[in-house]
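Q: One file is attached below, structure.cif, containing mmCIF, C-alpha atoms and all ligand atoms.
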```cif
data_structure
loop_
_atom_site.label_atom_id
_atom_site.label_comp_id
_atom_site.auth_asym_id
_atom_site.auth_seq_id
_atom_site.Cartn_x
_atom_site.Cartn_y
_atom_site.Cartn_z
CA MET A 1 96.79 98.12 115.86
CA LEU A 2 94.95 99.10 112.70
CA PRO A 3 96.36 101.89 110.57
CA THR A 4 94.38 105.10 110.93
CA ASP A 5 93.70 105.29 107.19
CA SER A 6 91.84 101.94 107.04
CA PRO A 7 89.21 101.95 104.31
CA SER A 8 85.64 102.08 105.53
CA GLY A 9 83.12 99.47 104.48
CA TRP A 10 85.52 96.52 104.68
CA PRO A 11 84.55 93.45 106.69
CA ASP A 12 86.61 93.48 109.88
CA ALA A 13 88.57 90.34 109.06
CA ALA A 14 89.54 91.58 105.60
CA GLN A 15 90.52 94.97 106.96
CA LEU A 16 92.59 93.43 109.73
CA LEU A 17 94.50 91.20 107.37
CA MET A 18 94.73 92.91 104.00
CA HIS A 19 95.07 96.45 105.14
CA THR A 20 97.41 95.64 108.00
CA ARG A 21 99.84 93.62 105.90
CA GLN A 22 102.73 95.71 104.74
CA THR A 23 106.30 95.06 103.78
CA ILE A 24 108.61 95.11 106.79
CA LEU A 25 112.11 94.80 105.39
CA PRO A 26 114.14 91.82 106.65
CA LYS A 27 116.58 94.05 108.56
CA ARG A 28 113.62 95.17 110.70
CA LEU A 29 112.40 91.63 111.43
CA HIS A 30 113.58 90.18 114.72
CA ALA A 31 113.08 87.17 116.98
CA PRO A 32 110.81 85.59 117.97
CA SER A 33 110.26 83.71 114.75
CA PRO A 34 107.10 81.72 114.02
CA ASP A 35 107.34 78.45 115.95
CA GLU A 36 106.74 74.99 114.44
CA ALA A 37 102.95 75.22 114.77
CA GLN A 38 102.88 78.73 113.31
CA LEU A 39 105.10 77.69 110.40
CA HIS A 40 102.73 74.79 109.81
CA ALA A 41 99.82 77.27 109.69
CA LEU A 42 101.72 79.50 107.24
CA LEU A 43 102.19 76.57 104.87
CA ALA A 44 98.58 75.42 105.35
CA ALA A 45 97.48 78.92 104.35
CA ALA A 46 99.65 78.75 101.23
CA ALA A 47 98.07 75.39 100.41
CA THR A 48 94.63 77.03 100.06
CA ALA A 49 95.79 78.84 96.90
CA PRO A 50 94.05 78.14 93.60
CA ASP A 51 96.08 75.62 91.61
CA HIS A 52 94.90 74.79 88.07
CA ASP A 53 94.83 71.00 87.66
CA GLN A 54 96.36 70.61 91.14
CA LEU A 55 99.86 70.64 89.69
CA ARG A 56 101.32 71.94 92.92
CA PRO A 57 103.91 73.82 90.83
CA TRP A 58 105.46 75.68 93.77
CA ARG A 59 107.18 74.90 97.01
CA PHE A 60 109.05 76.68 99.77
CA VAL A 61 112.57 75.92 100.97
CA LEU A 62 113.35 76.77 104.59
CA VAL A 63 116.83 78.13 105.29
CA PRO A 64 117.52 77.30 108.94
CA ALA A 65 119.74 79.45 111.11
CA ALA A 66 122.63 77.00 110.88
CA GLN A 67 122.67 77.37 107.08
CA ARG A 68 122.54 81.16 106.97
CA PRO A 69 126.34 81.65 106.91
CA ALA A 70 126.53 79.23 103.96
CA LEU A 71 123.77 81.20 102.19
CA GLY A 72 125.74 84.36 102.95
CA GLU A 73 128.72 82.85 101.12
CA VAL A 74 126.40 82.11 98.20
CA PHE A 75 125.29 85.77 98.12
CA ALA A 76 128.95 86.82 98.12
CA GLN A 77 129.73 84.35 95.35
CA ALA A 78 126.73 85.63 93.35
CA LEU A 79 128.08 89.17 93.67
CA ARG A 80 131.52 88.01 92.52
CA GLU A 81 129.89 86.29 89.51
CA ARG A 82 128.41 89.58 88.30
CA ASP A 83 131.10 91.92 89.61
CA PRO A 84 134.57 90.40 89.91
CA ALA A 85 135.79 93.78 91.23
CA ALA A 86 133.42 93.76 94.24
CA THR A 87 135.19 95.10 97.32
CA ALA A 88 135.58 93.23 100.62
CA GLU A 89 133.02 95.59 102.14
CA GLN A 90 130.47 94.90 99.39
CA LEU A 91 131.00 91.16 99.79
CA GLU A 92 130.47 91.47 103.53
CA GLN A 93 127.24 93.39 102.96
CA ALA A 94 126.07 90.62 100.63
CA ARG A 95 126.86 87.97 103.27
CA GLU A 96 125.03 89.89 105.97
CA LYS A 97 121.75 89.81 103.99
CA ALA A 98 121.45 86.09 104.66
CA LEU A 99 121.43 86.61 108.42
CA ARG A 100 118.57 89.07 108.74
CA ALA A 101 115.05 87.64 109.11
CA PRO A 102 114.40 84.96 111.75
CA LEU A 103 112.34 82.89 109.29
CA LEU A 104 113.58 82.72 105.71
CA LEU A 105 111.91 80.78 102.91
CA LEU A 106 112.74 80.60 99.22
CA LEU A 107 109.81 80.34 96.80
CA VAL A 108 110.47 77.83 94.01
CA VAL A 109 108.17 77.51 90.98
CA ASN A 110 108.33 74.60 88.56
CA ALA A 111 107.65 75.65 84.95
CA THR A 112 107.00 72.20 83.47
CA CYS A 113 105.68 69.61 85.95
CA GLY A 114 102.37 68.03 84.94
CA ASP A 115 100.20 69.43 82.14
CA ALA A 116 102.36 71.52 79.79
CA ASP A 117 99.25 73.50 78.72
CA ILE A 118 99.34 75.19 82.11
CA ASP A 119 101.95 77.77 81.31
CA LEU A 120 104.45 79.56 83.52
CA GLY A 121 102.13 82.56 83.89
CA GLU A 122 99.41 80.42 85.48
CA ARG A 123 101.96 78.72 87.71
CA LEU A 124 103.33 82.05 88.89
CA ILE A 125 99.80 83.31 89.61
CA SER A 126 99.14 80.21 91.71
CA ALA A 127 102.45 80.77 93.52
CA GLY A 128 101.59 84.45 94.06
CA CYS A 129 98.24 83.47 95.58
CA ALA A 130 100.02 81.00 97.85
CA VAL A 131 102.53 83.63 98.93
CA GLN A 132 99.83 86.21 99.65
CA ASN A 133 97.91 83.66 101.74
CA LEU A 134 101.10 82.93 103.64
CA LEU A 135 101.74 86.65 104.20
CA LEU A 136 98.17 87.21 105.40
CA MET A 137 98.47 84.29 107.82
CA ALA A 138 101.74 85.76 109.13
CA THR A 139 99.88 89.05 109.60
CA ALA A 140 97.08 87.25 111.46
CA GLN A 141 99.73 85.69 113.70
CA GLY A 142 101.03 89.16 114.48
CA PHE A 143 104.28 88.88 112.49
CA GLY A 144 105.83 91.24 109.98
CA SER A 145 106.88 89.94 106.60
CA ALA A 146 108.58 90.85 103.35
CA LEU A 147 109.28 89.55 99.87
CA THR A 148 112.72 90.20 98.47
CA SER A 149 114.16 89.42 95.07
CA GLY A 150 117.48 90.50 93.59
CA LYS A 151 120.10 89.42 91.09
CA ALA A 152 121.50 86.70 93.36
CA LEU A 153 118.35 84.65 92.73
CA LYS A 154 119.47 84.06 89.16
CA SER A 155 123.06 83.19 90.02
CA GLU A 156 124.56 79.77 89.43
CA ALA A 157 125.82 79.74 93.01
CA LEU A 158 122.33 80.16 94.42
CA ARG A 159 120.70 77.71 92.04
CA GLU A 160 123.23 75.10 93.04
CA PHE A 161 122.86 75.83 96.77
CA PHE A 162 119.11 75.23 96.55
CA GLY A 163 119.43 72.31 94.15
CA LEU A 164 117.17 73.95 91.55
CA THR A 165 116.57 72.05 88.33
CA ALA A 166 116.67 73.72 84.91
CA ASP A 167 112.83 73.87 85.02
CA GLU A 168 112.65 75.69 88.31
CA HIS A 169 112.50 79.42 89.01
CA ALA A 170 113.17 81.17 92.31
CA PRO A 171 111.18 84.43 92.13
CA CYS A 172 111.74 85.66 95.68
CA PHE A 173 112.59 85.05 99.30
CA ILE A 174 109.93 85.35 102.00
CA SER A 175 111.01 86.71 105.36
CA VAL A 176 108.87 86.55 108.51
CA GLY A 177 109.62 87.81 111.99
CA THR A 178 108.69 90.20 114.74
CA ALA A 179 108.44 93.87 113.82
CA HIS A 180 109.18 96.37 116.59
CA THR A 181 108.20 99.37 114.49
CA ARG A 182 105.93 99.97 111.52
CA LYS A 183 105.71 102.80 109.04
CA PRO A 184 102.38 104.20 107.83
CA GLY A 185 101.03 102.02 105.04
CA ARG A 186 101.77 103.16 101.52
CA PRO A 187 98.93 104.77 99.52
CA ARG A 188 96.97 102.17 97.59
CA PRO A 189 95.51 102.56 94.10
CA GLN A 190 91.89 103.65 94.09
CA PRO A 191 89.47 100.84 93.16
CA THR A 192 88.30 102.92 90.18
CA GLU A 193 91.88 102.95 88.84
CA LEU A 194 91.86 99.16 88.72
CA LEU A 195 88.65 98.60 86.74
CA LYS A 196 88.72 99.37 83.02
CA PRO A 197 85.90 99.05 80.46
CA LEU A 198 86.16 96.83 77.41
CA PRO A 199 88.08 98.66 74.65
CA HIS A 200 85.23 98.28 72.12
CA PRO A 201 81.58 98.77 73.09
CA PRO A 202 79.08 96.29 71.58
CA GLN A 203 78.23 97.25 67.96
CA SER A 204 74.47 96.75 68.19
CA PRO A 205 71.92 95.99 70.89
CA ASP A 206 71.71 92.40 69.55
CA GLN A 207 75.38 91.88 70.36
CA ALA A 208 75.21 93.42 73.78
CA PRO A 209 76.02 90.97 76.55
CA THR A 210 72.97 89.84 78.47
CA THR A 211 72.91 90.15 82.23
CA ALA A 212 72.66 86.93 84.19
C1 LIG B 1 108.06 89.25 93.90
C2 LIG B 1 108.38 90.45 94.75
C3 LIG B 1 109.69 90.76 95.04
C4 LIG B 1 110.00 91.86 95.85
N1 LIG B 1 111.32 92.17 96.10
C5 LIG B 1 111.61 93.24 96.86
C6 LIG B 1 112.96 93.59 97.12
O1 LIG B 1 113.90 92.93 96.67
N2 LIG B 1 113.21 94.67 97.91
C7 LIG B 1 112.20 95.41 98.43
O2 LIG B 1 112.46 96.39 99.15
N3 LIG B 1 110.90 95.10 98.22
C8 LIG B 1 110.60 94.03 97.44
N4 LIG B 1 109.30 93.69 97.21
C9 LIG B 1 108.25 94.34 98.01
C10 LIG B 1 107.64 95.52 97.35
O3 LIG B 1 108.57 96.51 97.19
C11 LIG B 1 106.49 95.97 98.24
O4 LIG B 1 105.51 94.99 98.24
C12 LIG B 1 105.94 97.26 97.75
O5 LIG B 1 106.81 98.28 98.04
C13 LIG B 1 104.62 97.56 98.36
O6 LIG B 1 104.70 97.67 99.73
P1 LIG B 1 103.73 96.85 100.66
O7 LIG B 1 104.16 95.39 100.56
O8 LIG B 1 103.94 97.41 102.02
O9 LIG B 1 102.37 97.00 100.14
C14 LIG B 1 108.97 92.64 96.39
C15 LIG B 1 107.63 92.33 96.07
C16 LIG B 1 107.34 91.27 95.25
C17 LIG B 1 105.90 90.98 94.91
#
```
Please go through the file and, once you have read it, give me the structure as structure tokens.

A:
Amino acid sequence: MLPTDSPSGWPDAAQLLMHTRQTILPKRLHAPSPDEAQLHALLAAAATAPDHDQLRPWRFVLVPAAQRPALGEVFAQALRERDPAATAEQLEQAREKALRAPLLLLLVVNATCGDADIDLGERLISAGCAVQNLLLMATAQGFGSALTSGKALKSEALREFFGLTADEHAPCFISVGTAHTRKPGRPRPQPTELLKPLPHPPQSPDQAPTTA
């Protein structure tokens, strides 16, 4: 169902996808998970992202249900790395985070593969486009989704678990599942807040940009 504050003047498809997508935190994502065919479609959507020089600098790592307890131990180890005094309860909370969403993917971005002139910023933008496409496809499939980051992503324990090389970054997890409840969407910036003029106007009519 569309939110009641949908913007007017949007094409239906854009409104359905972009305005309906919202973060549903992993603890509120339940079974059923996307099936094989739906997961395939999520990745195919990601693959439509712009990718300068076709470096394919990003990938997704699926954490299957059987590996979630092991990931939970990694989260606990990551907490111990940064807080040796963490209590048993805090460690248990860290472990539990690995068990939440029915579909869990880690985003991995390679900072150096291919043409070195394509810097990390460009690679992260490509990855962000891929992730947004994936999230919109999940929305089109009727699923809820979330991105989550956190200090554990930088931990040695996690990097080792996922076999990350020194050139690879893990910006966030992507969770997908079935949402039983949704909150009202958050207020969005006004379009006029997002468009700024050039800082310096042209100095003379001769230097003014011509219209195409
Ligand atoms: C890279 C990235 C990491 C994020 N990590 C978290 C997170 O750890 N915890 C969280 O609650 N939200 C996280 N978010 C989600 C944002 O908080 C969320 O997108 C924002 O609140 C806007 O809500 P919306 O997605 O419903 O528009 C993350 C978003 C991005 C882009």

Q: For a test of reading the model, state the distance in Å between atom CA of Asp117 of chain A and atom CA of Ala46 of chain A, rounded to one decimal.

A: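 If I compute the distance from atom CA of Asp117 of chain A to atom CA of Ala46 of chain A, I get 23.1 Å.
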
Q: When you look at Glu122 of chain A with a cut-off of 12 Å (counting all atoms listed in the file), what residues show up, excluding the ones that are within fewer than 5 positions of it in the same chain? I need them as a short mmCIF file (atom, residue, chain, number, x, y, z; two decimals) with C-alpha atoms, keeping the file's coordinate frame.

A:
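This went into out32.cif:
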```cif
data_model
loop_
_atom_site.label_atom_id
_atom_site.label_comp_id
_atom_site.auth_asym_id
_atom_site.auth_seq_id
_atom_site.Cartn_x
_atom_site.Cartn_y
_atom_site.Cartn_z
CA PRO A 50 94.05 78.14 93.60
CA ASP A 51 96.08 75.62 91.61
CA HIS A 52 94.90 74.79 88.07
CA ASP A 53 94.83 71.00 87.66
CA GLN A 54 96.36 70.61 91.14
CA LEU A 55 99.86 70.64 89.69
CA ARG A 56 101.32 71.94 92.92
CA PRO A 57 103.91 73.82 90.83
CA TRP A 58 105.46 75.68 93.77
CA VAL A 109 108.17 77.51 90.98
CA ASN A 110 108.33 74.60 88.56
CA ALA A 111 107.65 75.65 84.95
CA THR A 112 107.00 72.20 83.47
CA ASP A 115 100.20 69.43 82.14
CA ALA A 116 102.36 71.52 79.79
CA ASP A 117 99.25 73.50 78.72
CA ALA A 127 102.45 80.77 93.52
CA GLY A 128 101.59 84.45 94.06
CA CYS A 129 98.24 83.47 95.58
#
```

Q: Please find the residues contacting ligand LIG 1 (chain B) at a distance of at most 12 Å between atoms, with all atoms listed in the file counted, and report them as a PyMOL selection string.

A: chain A and resi 18-28+97+106-108+124-125+127-132+135-136+139+144-153+169-175+182-189

Q: So how far away is atom CA of Leu103 of chain A from atom CA of His40 of chain A, in Å?

A: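 Separation between atom CA of His40 of chain A and atom CA of Leu103 of chain A: 12.6 Å.
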
Q: Identify which of the residues A:Leu16, A:Leu134, A:Ala98, A:Val61 lies closest to Ala49 of chain A, counting all atoms listed in the file when measuring atom-to-atom distances.

A: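 Residue with the minimum atom-to-atom distance to Ala49 of chain A: A:Leu134.
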
Q: Mind working out the centre and edge lengths of an axis-aligned box for segment 6-23 of chain A, all listed atoms inside, 4 Å added to each side, rounded to one decimal in Å and written as lines of an AutoDock Vina configuration file?

A:
```
center_x = 94.7
center_y = 96.2
center_z = 106.8
size_x = 31.2
size_y = 19.7
size_z = 14.1
```

Q: Could you please determine the separation between atom CA of Glu73 of chain A and atom CA of Ala94 of chain A in Å, to one decimal place?

A: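 Atom-to-atom, atom CA of Glu73 of chain A and atom CA of Ala94 of chain A are spaced 8.2 Å apart.
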
Q: Leu71 of chain A: which residues within 8 Å, counting only C-alpha atoms, same-chain residues fewer than 2 positions away excluded, as a PyMOL selection string?

A: chain A and resi 67-69+73-75+95+98+158+161

Q: Please save C-alpha atoms of the selected residues as an mmCIF file, in the coordinates of the input.

A:
```cif
data_model
loop_
_atom_site.group_PDB
_atom_site.id
_atom_site.type_symbol
_atom_site.label_atom_id
_atom_site.label_comp_id
_atom_site.auth_asym_id
_atom_site.auth_seq_id
_atom_site.Cartn_x
_atom_site.Cartn_y
_atom_site.Cartn_z
ATOM 1 C CA GLN A 67 122.670 77.370 107.080
ATOM 2 C CA ARG A 68 122.540 81.160 106.970
ATOM 3 C CA PRO A 69 126.340 81.650 106.910
ATOM 4 C CA GLU A 73 128.720 82.850 101.120
ATOM 5 C CA VAL A 74 126.400 82.110 98.200
ATOM 6 C CA PHE A 75 125.290 85.770 98.120
ATOM 7 C CA ARG A 95 126.860 87.970 103.270
ATOM 8 C CA ALA A 98 121.450 86.090 104.660
ATOM 9 C CA LEU A 158 122.330 80.160 94.420
ATOM 10 C CA PHE A 161 122.860 75.830 96.770
#
```

Q: Choose the residue, out of A:His30, A:Leu195, A:Ala65, A:Arg59, that has the smallest atom-to-atom separation from Leu164 of chain A; count only C-alpha atoms.

A: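 For Leu164 of chain A, the nearest of the candidates is A:Arg59.
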
Q: Out of A:Leu17, A:Leu43, A:Ala78, A:Leu99, which residue has the shortest atom-to-atom distance to Arg159 of chain A when counting all atoms listed in the file?

A: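 So, comparing all the options, the nearest one is A:Ala78.
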
Q: Determine the nearest neighbour of Cys113 of chain A from the options A:Leu194, A:Ala166, A:Ala13, A:Ala45, counting all atoms listed in the file.

A: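 Between A:Leu194, A:Ala166, A:Ala13, A:Ala45, the residue approaching Cys113 of chain A most closely is A:Ala166.
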
Q: Compare A:Ala70, A:Leu105, A:Leu39, A:Val63 by their minimum atom-to-atom distance to Gln141 of chain A, counting only C-alpha atoms, and give me the closest one.

A: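 Using only C-alpha atoms, the shortest distance to Gln141 of chain A belongs to A:Leu39.
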
Q: Compare A:Ser8, A:Ser204, A:Gln15, A:Thr178 by their minimum atom-to-atom distance to Pro102 of chain A, counting all atoms listed in the file, and give me the closest one.

A: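 Residue with the minimum atom-to-atom distance to Pro102 of chain A: A:Thr178.
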